[in-house]
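Student: A single structure is presented below for examination.
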Amino acid sequence: MEKRYTTKELAEKYFKTDKSIRNYIQKIAQTYGFDASQLTRVNAKGIREYALTEEQAHLLGIIIENIEEDVFLKDKPTEKVEESKVKGYRDDLLNRIENIKNEKLKEKLKQTPEYQYGVELKRIHEELEEMTDCTLFLLEQFPLKERVDIERQILQQTKNLNHNLMVRFTKRLESEAIELLREETMVETEDGFEWDEPTEEQIIEKTKELLSQRFGEKRLFDHHYAGYNLIEKAIAHVIKESIGKA
């Protein structure tokens, strides 16, 4: 019979309290979309407790080990976080995955789309930083007037990019707004479901509402630096896959 790990055992391993481990598991599950109760069983005393497989315990431990530095799981995600700390946490997380001795589990993590996208974003952002540093160095080599002209061109190109991104983003919100407006008027009839088609004015107002909501929920860019939270989503993905098989 496969050994099961309790929160008490995880607490001893990671020098936390039993209560903290339980809270951490619930927080991780809530953030990354799996049901923490599915990781529990009724023990011999009739008490429901966490009973994790070796794989689940290991995966949760990768996050729990340094969870105090996890800016994505902090209770106040809008606090300003230094970019260096975010990078440090992301790199530490990747190192812990590289140090997994179970090669099968490590490979399972690395095969998830979330992990692969997260690593690719890390590479892209590092290259962007290098290019930015290079651009600033080269600009300093030009006469001031010429430098100002070049920087105006860069600014205009950036504005154009942001405009195009905003147009694409707004179109996605419009589609979401239409679906929400239909749901608000949907009624069940003998022939199925019917709804009122929203007017253009209603779509515009709902889109504005969604846009305002997104900006209100916006975390500082640092919190998503190079998709580091995608690495945690990869871990959660493997945990969710393991639940039905445990």
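Here, A, B, ... name the chains of the structure tokens in the order displayed, residue numbers run from 1 inside each chain, and ligands are numbered from 1 in the same displayed order.
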What's the 9 Å shell around Ser37 in chain A, counting only C-alpha atoms, without same-chain residues fewer than 3 positions away, as a PDB file with C-alpha atoms, in the first residue's frame?
Tutor:
ATOM      1  CA  GLN A  26      -5.943  25.602   0.655  1.00  0.00           C
ATOM      2  CA  PHE A  34      -8.155  22.430  -7.812  1.00  0.00           C
ATOM      3  CA  THR A  40      -8.096  14.327   2.089  1.00  0.00           C
ATOM      4  CA  ARG A  41      -9.198  10.991   3.524  1.00  0.00           C
ATOM      5  CA  GLU A  49      -7.161  14.833   7.153  1.00  0.00           C
ATOM      6  CA  TYR A  50      -4.824  15.424   4.251  1.00  0.00           C
TER       7      TYR A  50
END
Student: Show me, as a ChimeraX atom specification, the residues that have an atom within 9 Å of Leu52 in chain A when counting only C-alpha atoms, minus same-chain residues fewer than 6 positions from it.
Tutor: /A:3-7,39-40,246
Student: Fewer than 3 positions away in the same chain doesn't count, so skip those; otherwise give me all residues within 12 Å of Ser175 in chain A, counting only C-alpha atoms, as a ChimeraX atom specification.
Tutor: /A:168-172,178-182,198,203-204,206-207,210
Student: Show me, as a VMD selection string, the residues that have an atom within 7 Å of Tyr32 in chain A when counting only C-alpha atoms, minus same-chain residues fewer than 2 positions from it.
Tutor: chain A and resid 28 to 30 34 233 236
Student: How would the residues just chosen look if you wrote them out with N, CA, C and O atoms as a CSV table (one decimal), in the first residue's frame?
Tutor:
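out38.csv was written with the following content:
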chain,number,residue,atom,x,y,z
A,28,ILE,N,-3.0,27.5,-2.2
A,28,ILE,CA,-2.5,27.0,-3.4
A,28,ILE,C,-3.7,26.5,-4.3
A,28,ILE,O,-3.8,26.8,-5.5
A,29,ALA,N,-4.5,25.7,-3.7
A,29,ALA,CA,-5.7,25.1,-4.4
A,29,ALA,C,-6.6,26.2,-4.9
A,29,ALA,O,-7.1,26.1,-6.1
A,30,GLN,N,-6.9,27.1,-4.1
A,30,GLN,CA,-7.8,28.2,-4.4
A,30,GLN,C,-7.3,29.0,-5.6
A,30,GLN,O,-8.0,29.4,-6.5
A,34,PHE,N,-7.8,23.8,-8.1
A,34,PHE,CA,-8.2,22.4,-7.8
A,34,PHE,C,-8.8,22.3,-6.4
A,34,PHE,O,-8.7,23.2,-5.6
A,233,LYS,N,1.6,27.1,-12.0
A,233,LYS,CA,0.4,26.5,-12.7
A,233,LYS,C,0.7,25.1,-13.2
A,233,LYS,O,-0.2,24.2,-13.2
A,236,ALA,N,0.4,22.8,-10.3
A,236,ALA,CA,-1.0,22.6,-10.0
A,236,ALA,C,-1.6,21.7,-11.0
A,236,ALA,O,-2.4,20.8,-10.7
Student: Mind listing the helix (DSSP H, G or I) residues of range 99-216 of chain A, per DSSP on the backbone, as an MDAnalysis selection string?
Tutor: chainID A and resid 103:110 113:139 144:185 200:216
Student: Taking only range 23-241 of chain A into account, list the residues labelled strand (DSSP E or B) by DSSP (computed from the backbone), as a ChimeraX atom specification.
Tutor: /A:40-42,48-50,52,187-189,192-194
Student: Tell me, in Å to one decimal, how far CA of Ile62 in chain A is from CA of Leu128 in chain A.
Tutor: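 The value is 28.3 Å.
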Student: Which residues, written as number ranges by chain, have at least one atom at most 10 Å from Lys110 in chain A, with only C-alpha atoms counted and residues fewer than 4 positions away on the same chain left out?
Tutor: A: 97-98, 104-106, 114-116, 119, 231, 234-235
Student: Taking C-alpha atoms for each residue, export the selection above as a CSV table (one decimal), in the first residue's frame.
Tutor:
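Saved to out.csv:
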chain,number,residue,atom,x,y,z
A,97,ILE,CA,12.3,21.6,-10.0
A,98,GLU,CA,15.7,20.9,-11.5
A,104,LYS,CA,9.7,10.8,-14.1
A,105,LEU,CA,8.0,13.5,-12.1
A,106,LYS,CA,10.4,16.1,-13.3
A,114,GLU,CA,2.5,26.0,-18.6
A,115,TYR,CA,6.0,25.1,-17.7
A,116,GLN,CA,7.2,25.4,-21.3
A,119,VAL,CA,10.5,29.0,-19.4
A,231,ILE,CA,5.6,27.4,-13.3
A,234,ALA,CA,2.4,23.6,-14.2
A,235,ILE,CA,2.8,22.2,-10.7
Student: Give me the residues of range 37-125 of chain A that have any atom at most 12 Å from an atom of range 130-133 of chain A; for each, the nearest atom pair and the distance in Å, rounded to one decimal. Use only C-alpha atoms, sort by chain and number, and format it as a tab-separated table.
Tutor:
residue	atom	partner	partner_atom	distance
A:Arg123	CA	A:Glu130	CA	10.8
A:Ile124	CA	A:Glu130	CA	9.9
A:His125	CA	A:Glu130	CA	8.7
Student: A:Ile64, A:Val238, A:Ile150, A:Ala57: which is nearest Leu109 in chain A, counting only C-alpha atoms?
Tutor: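 Of all the options, A:Val238 lies closest to Leu109 in chain A.
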Student: Rounded to one decimal place, report the CA of His237 in chain A-CA of Asp35 in chain A distance in Å.
Tutor: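 Interatomic distance, CA of His237 in chain A to CA of Asp35 in chain A: 12.0 Å.
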Student: With distances taken over only C-alpha atoms, which of A:Met166, A:Tyr89, A:Ala177, A:Gly33 is nearest to Glu200 in chain A?
Tutor: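 Using only C-alpha atoms, the shortest distance to Glu200 in chain A belongs to A:Ala177.
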